[in-house]
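Raw entry.txt, compact mmCIF, C-alpha atoms:
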```txt
# COMPACT_ATOMS: atom_id res chain seq x y z
CA MET M 88 -73.26 -5.45 69.20
CA PRO M 89 -72.02 -8.03 71.75
CA PRO M 90 -72.17 -7.11 75.48
CA LEU M 91 -68.38 -7.06 75.86
CA THR M 92 -68.12 -4.53 73.03
CA ARG M 93 -70.77 -2.36 74.67
CA TRP M 94 -68.84 -2.42 77.95
CA PHE M 95 -65.55 -1.59 76.19
CA ILE M 96 -67.03 1.32 74.22
CA LYS M 97 -69.09 2.84 77.03
CA SER M 98 -66.07 2.64 79.32
CA ALA M 99 -63.95 4.22 76.59
CA LEU M 100 -66.39 7.12 76.31
CA ALA M 101 -66.28 7.65 80.08
CA TYR M 102 -62.47 7.68 80.01
CA PHE M 103 -62.55 10.15 77.10
CA ILE M 104 -64.52 12.61 79.21
CA ALA M 105 -62.33 11.96 82.26
CA ALA M 106 -59.18 12.54 80.21
CA LEU M 107 -60.43 15.87 78.91
CA VAL M 108 -61.46 16.95 82.42
CA VAL M 109 -57.91 16.23 83.56
CA GLY M 110 -56.69 18.17 80.54
CA VAL M 111 -58.76 21.16 81.61
CA LEU M 112 -57.33 20.92 85.14
CA LEU M 113 -53.78 20.81 83.78
CA ALA M 114 -54.42 23.85 81.60
CA ALA M 115 -56.17 25.67 84.44
CA ARG M 116 -52.98 25.73 86.53
CA SER M 117 -51.72 28.68 84.52
CA VAL M 118 -54.88 30.63 85.34
CA VAL M 119 -55.91 29.63 88.85
CA SER M 120 -54.07 28.28 91.87
CA LEU M 121 -54.63 24.51 92.24
CA PRO M 122 -53.27 21.88 94.67
CA PRO M 123 -49.78 20.53 93.81
CA ILE M 124 -51.19 17.08 93.00
CA VAL M 125 -52.80 18.49 89.85
CA GLY M 126 -49.32 19.02 88.43
CA ALA M 127 -48.69 15.30 88.82
CA LEU M 128 -51.66 14.40 86.61
CA ARG M 129 -49.91 14.65 83.23
CA PRO M 130 -49.11 10.92 82.83
CA ALA M 131 -52.66 10.13 83.98
CA TYR M 132 -53.98 12.46 81.26
CA PHE M 133 -51.99 10.72 78.50
CA HIS M 134 -52.96 7.25 79.62
CA LEU M 135 -56.63 8.02 80.27
CA LEU M 136 -56.67 9.20 76.66
CA MET M 137 -54.48 6.57 74.98
CA VAL M 138 -55.31 3.48 77.05
CA GLY M 139 -58.71 4.32 78.47
CA TRP M 140 -60.23 5.91 75.36
CA VAL M 141 -58.29 4.95 72.20
CA THR M 142 -57.08 1.45 73.02
CA GLN M 143 -60.27 0.41 74.76
CA LEU M 144 -62.38 1.67 71.84
CA ILE M 145 -60.18 -0.37 69.49
CA PHE M 146 -60.50 -3.46 71.70
CA GLY M 147 -64.28 -3.19 71.67
CA MET M 148 -64.59 -2.59 67.94
CA ALA M 149 -62.09 -5.31 67.04
CA TYR M 150 -63.86 -7.83 69.27
CA TRP M 151 -67.08 -7.02 67.42
CA MET M 152 -65.90 -6.59 63.82
CA PHE M 153 -62.82 -8.72 63.08
CA PRO M 154 -63.26 -11.88 61.00
CA LYS M 155 -64.51 -14.96 62.85
CA SER M 156 -61.97 -17.10 64.63
CA THR M 157 -63.71 -20.51 64.49
CA LYS M 158 -67.32 -21.64 64.09
CA ASP M 159 -67.50 -22.70 67.73
CA GLN M 160 -65.89 -19.54 69.07
CA PRO M 161 -66.32 -16.89 66.38
CA ARG M 162 -64.98 -14.14 68.60
CA GLY M 163 -62.37 -16.23 70.37
CA SER M 164 -62.63 -16.85 74.11
CA GLU M 165 -65.33 -14.67 75.62
CA ARG M 166 -63.93 -15.40 79.08
CA LEU M 167 -60.51 -14.09 78.02
CA GLY M 168 -62.20 -11.05 76.54
CA TRP M 169 -63.95 -10.24 79.83
CA LEU M 170 -60.72 -10.88 81.72
CA ALA M 171 -58.87 -8.44 79.47
CA TYR M 172 -61.62 -5.85 80.04
CA SER M 173 -61.49 -6.24 83.81
CA LEU M 174 -57.70 -6.22 84.09
CA LEU M 175 -57.34 -3.20 81.82
CA ASN M 176 -59.84 -1.12 83.75
CA ILE M 177 -58.75 -2.14 87.23
CA GLY M 178 -55.13 -1.54 86.24
CA LEU M 179 -55.78 1.82 84.63
CA LEU M 180 -57.95 3.10 87.50
CA LEU M 181 -55.34 1.94 90.02
CA ARG M 182 -52.71 3.77 88.00
CA VAL M 183 -54.49 7.11 87.75
CA ILE M 184 -55.12 7.07 91.51
CA THR M 185 -51.74 5.86 92.78
CA GLU M 186 -49.36 7.57 90.33
CA PRO M 187 -50.22 11.19 91.24
CA LEU M 188 -50.35 10.28 94.95
CA LEU M 189 -46.92 8.64 94.70
CA THR M 190 -45.49 11.82 93.16
CA VAL M 191 -46.58 14.01 96.07
CA HIS M 192 -46.31 11.44 98.91
CA SER M 193 -44.04 8.49 98.24
CA THR M 194 -44.77 5.32 100.26
CA PRO M 195 -43.84 1.66 99.61
CA LEU M 196 -47.55 0.70 99.52
CA LEU M 197 -48.27 3.21 96.76
CA GLY M 198 -45.16 2.04 94.91
CA TRP M 199 -46.28 -1.58 94.95
CA ALA M 200 -49.83 -0.59 93.99
CA LEU M 201 -48.47 1.26 90.97
CA ALA M 202 -46.34 -1.75 90.05
CA ALA M 203 -49.41 -3.97 90.33
CA SER M 204 -51.35 -1.63 88.03
CA ALA M 205 -48.57 -2.01 85.45
CA VAL M 206 -48.78 -5.78 85.52
CA LEU M 207 -52.61 -5.80 85.34
CA GLN M 208 -52.64 -3.59 82.24
CA TRP M 209 -49.90 -5.68 80.62
CA LEU M 210 -51.86 -8.89 81.22
CA ALA M 211 -54.91 -7.24 79.66
CA GLY M 212 -52.93 -6.28 76.56
CA MET M 213 -51.48 -9.75 76.19
CA GLY M 214 -54.94 -11.27 76.65
CA PHE M 215 -56.32 -9.12 73.84
CA VAL M 216 -53.43 -10.01 71.50
CA ILE M 217 -53.83 -13.74 72.21
CA ASN M 218 -57.60 -13.58 71.73
CA THR M 219 -57.40 -11.53 68.54
CA TRP M 220 -54.41 -12.99 66.69
CA SER M 221 -56.31 -15.84 65.03
CA ARG M 222 -58.94 -13.37 63.80
CA VAL M 223 -56.44 -11.45 61.67
CA LYS M 224 -57.04 -13.07 58.31
CA GLU M 225 -58.44 -12.33 54.87
CA LYS M 226 -62.04 -13.33 55.65
CA MET G 892 -53.70 -8.23 57.37
CA TRP G 893 -49.96 -7.56 57.63
CA PHE G 894 -50.60 -4.07 59.00
CA VAL G 895 -52.86 -5.49 61.71
CA ARG G 896 -50.49 -8.31 62.61
CA ALA G 897 -47.62 -5.86 62.94
CA ALA G 898 -49.86 -3.55 64.97
CA LEU G 899 -50.66 -6.38 67.40
CA ILE G 900 -46.95 -7.13 67.78
CA TYR G 901 -46.33 -3.45 68.56
CA LEU G 902 -49.22 -3.51 71.06
CA ALA G 903 -47.59 -6.45 72.84
CA SER G 904 -44.12 -4.91 72.80
CA GLY G 905 -45.29 -1.36 73.54
CA PHE G 906 -47.33 -2.58 76.51
CA THR G 907 -44.32 -4.59 77.71
CA PHE G 908 -42.03 -1.56 77.60
CA GLY G 909 -44.74 0.50 79.29
CA MET G 910 -45.19 -2.11 82.01
CA LEU G 911 -41.46 -2.08 82.74
CA LEU G 912 -41.43 1.71 82.94
CA LEU G 913 -44.45 1.88 85.26
CA LEU G 914 -43.10 -1.00 87.38
CA HIS G 915 -39.86 0.93 87.73
CA LYS G 916 -41.77 4.05 88.71
CA GLY G 917 -43.43 2.18 91.56
CA VAL G 918 -40.59 -0.15 92.56
CA PRO G 919 -37.25 1.08 91.18
CA LEU G 920 -35.59 -1.63 89.11
CA SER G 921 -32.68 -0.16 87.18
CA PRO G 922 -31.40 3.36 86.50
CA TRP G 923 -31.31 2.81 82.73
CA MET G 924 -35.02 1.87 82.54
CA TRP G 925 -36.13 5.32 81.38
CA ARG G 926 -34.08 4.88 78.22
CA ILE G 927 -36.83 2.65 76.81
CA LEU G 928 -39.36 5.50 76.98
CA PRO G 929 -38.86 6.51 73.27
CA LEU G 930 -39.38 2.88 72.26
CA HIS G 931 -42.56 2.62 74.33
CA ILE G 932 -44.00 5.84 72.87
CA GLU G 933 -43.16 4.97 69.27
CA CYS G 934 -44.48 1.42 69.56
CA VAL G 935 -47.85 2.40 71.01
CA LEU G 936 -48.50 5.66 69.15
CA ILE G 937 -47.25 4.86 65.66
CA GLY G 938 -46.64 1.10 65.66
CA TRP G 939 -49.97 0.13 67.29
CA THR G 940 -52.48 2.93 66.85
CA VAL G 941 -51.56 4.44 63.48
CA GLN G 942 -50.68 1.14 61.87
CA LEU G 943 -53.91 -0.51 63.04
CA ALA G 944 -55.87 2.40 61.57
CA MET G 945 -54.03 1.97 58.27
CA GLY G 946 -54.70 -1.74 58.22
CA VAL G 947 -58.39 -1.41 58.95
CA ALA G 948 -58.74 1.47 56.49
CA PHE G 949 -57.09 -0.58 53.74
CA TRP G 950 -59.55 -3.40 54.50
CA ILE G 951 -62.71 -1.42 54.83
CA LEU G 952 -62.57 1.60 52.51
CA PRO G 953 -64.81 1.30 49.42
CA ARG G 954 -63.30 -0.78 46.65
CA PHE G 955 -63.22 -0.43 42.89
CA GLY G 956 -65.45 -3.20 41.56
CA LEU G 957 -65.74 -6.54 43.40
CA SER G 958 -62.21 -6.95 44.72
CA GLY G 959 -60.06 -4.08 43.50
CA ARG G 960 -58.36 -1.97 46.14
CA GLY G 961 -56.31 0.16 43.76
CA ASN G 962 -52.53 0.43 43.77
CA GLU G 963 -51.37 -2.07 46.39
CA THR G 964 -47.68 -1.39 45.68
CA LEU G 965 -48.10 1.96 47.43
CA VAL G 966 -49.60 0.19 50.43
CA TRP G 967 -46.74 -2.30 50.66
CA LEU G 968 -44.29 0.60 50.49
CA ALA G 969 -46.23 2.34 53.24
CA TYR G 970 -46.13 -0.83 55.33
CA GLY G 971 -42.37 -1.22 54.96
CA LEU G 972 -41.63 2.44 55.61
CA ILE G 973 -43.77 2.79 58.71
CA ASN G 974 -42.14 -0.22 60.34
CA VAL G 975 -38.63 0.91 59.44
CA GLY G 976 -39.55 4.34 60.80
CA VAL G 977 -40.90 3.04 64.11
CA LEU G 978 -37.81 0.92 64.69
CA ALA G 979 -35.43 3.73 63.71
CA VAL G 980 -37.07 6.31 65.95
CA GLY G 981 -37.77 3.96 68.85
CA LEU G 982 -34.47 2.12 68.92
CA GLY G 983 -32.56 5.26 67.94
CA GLY G 984 -33.88 7.11 70.96
CA THR G 985 -33.35 4.19 73.31
CA LEU G 986 -29.82 3.41 72.14
CA ALA G 987 -28.82 7.11 71.96
CA ALA G 988 -28.06 6.79 68.24
CA PRO G 989 -27.03 9.86 66.21
CA PRO G 990 -29.99 12.23 65.70
CA GLU G 991 -29.82 11.56 61.96
CA ILE G 992 -31.26 8.09 62.67
CA THR G 993 -34.30 9.56 64.40
CA LEU G 994 -34.69 12.06 61.57
CA ALA G 995 -34.49 9.31 58.96
CA GLY G 996 -37.09 7.33 60.90
CA ARG G 997 -39.48 10.25 61.00
CA VAL G 998 -38.99 10.85 57.25
CA ALA G 999 -39.78 7.18 56.64
CA GLU G 1000 -42.98 7.50 58.70
CA LEU G 1001 -43.93 10.64 56.77
CA LEU G 1002 -43.36 8.93 53.41
CA SER G 1003 -45.38 5.95 54.60
CA VAL G 1004 -48.35 8.16 55.39
CA VAL G 1005 -48.01 10.05 52.10
CA PHE G 1006 -48.02 6.80 50.11
CA PHE G 1007 -50.97 5.51 52.14
CA ALA G 1008 -52.90 8.74 51.59
CA VAL G 1009 -52.21 8.64 47.84
CA HIS G 1010 -53.52 5.06 47.76
CA SER G 1011 -56.56 5.80 49.92
CA TRP G 1012 -57.67 9.16 48.51
CA PRO G 1013 -59.60 7.79 45.51
CA ARG G 1014 -61.23 5.14 47.74
CA VAL G 1015 -62.95 7.85 49.76
CA LYS G 1016 -66.06 7.72 47.61
CA PRO G 1017 -69.63 6.49 47.69
CA MET G 1018 -70.09 2.72 47.47
CA GLY G 1019 -70.63 1.39 43.96
CA VAL G 1020 -68.92 4.28 42.17
```
Could you render the structure as structure tokens?
Amino acid sequence: MPPLTRWFIKSALAYFIAALVVGVLLAARSVVSLPPIVGALRPAYFHLLMVGWVTQLIFGMAYWMFPKSTKDQPRGSERLGWLAYSLLNIGLLLRVITEPLLTVHSTPLLGWALAASAVLQWLAGMGFVINTWSRVKEK
Amino acid sequence: MWFVRAALIYLASGFTFGMLLLLHKGVPLSPWMWRILPLHIECVLIGWTVQLAMGVAFWILPRFGLSGRGNETLVWLAYGLINVGVLAVGLGGTLAAPPEITLAGRVAELLSVVFFAVHSWPRVKPMGV
């Protein structure tokens, strides 16, 4: 299993746990009194699950398992792969921190940080698509 | 292959719509931006995730003999229906189309999955059988 795949999958597992912890917090609001910021965690919950866990697991497995691109670069550009990994995780972590904060305390800095997180995650997604497209073939 | 290519296109477009929505949340861009939320959700949940799973499953499930994958007509139907469904539901929600469009899209997605399940069911077997 290549190192990049290991990083993607271990990160995905960590996000899976984090997502479910947030899920517990969201559900706990109906039972115990929690700070208002917990109520703002719903988008973070969805995206920790769908981007952090599901998409990142797919990225890691696809990077490992899809048919070879070329003989010289069987898995495409490893540099682009690592860039996609870094941008996705920095972007997602920035999102789950700034988005709830922005909901309870709106400031221009938090707004721009959230916007930056959007662009980072988008670049990561495009990087994965570019790196993977040529590997979608019969064999 | 076609499932996976379409899934990658939906990943690119779904991420783009998502980026615009999150950008707007941080730095307001346009009041109509939230209208693309149904398109974002449908692209990433059904167009990317479900369709990629279907594509990989079609590729990797045990075959019949050396190259047989069973009834591929069902799979092509499934492919067509899921993509029609995603576009109908996603664009229908975004463009405020009549609810019948969204309903038709969801029915198309359901039929797609039924056809795919009918194709795949006999392939869930031990290797070599």
TODO: Show me which bits of chain G are within 12 Å of chain M, counting all atoms listed in the file, as a ChimeraX atom specification.
DONE: /G:892-920,932,935-937,939-941,943-944,946-947,949-951
Open item on the list: For segment 976-990 of chain G, find every residue with an atom within 9 Å (counting only C-alpha atoms), except residues of its own chain fewer than 4 positions away, and show them as a VMD selection string.
Closed with: chain G and resid 925 to 934 937 to 938 971 to 972 994 to 1001 1003
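Omitting Leu1002 of chain G and its sequence neighbours fewer than 6 positions away, and counting all atoms listed in the file, the residues within 9 Å are G:Leu968, G:Ala969, G:Leu972, G:Ile973.
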- [ ] Name all residues at most 10 Å from segment 92-102 of chain M (count only C-alpha atoms; drop same-chain ones fewer than 2 positions away) and give them as number ranges by chain.
- [x] M: 88-90, 104-108, 132, 134-152, 168-169, 172-173, 176, 180
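The coordinates place atom CA of Ser164 of chain M at 6.5 Å from atom CA of Asn218 of chain M.
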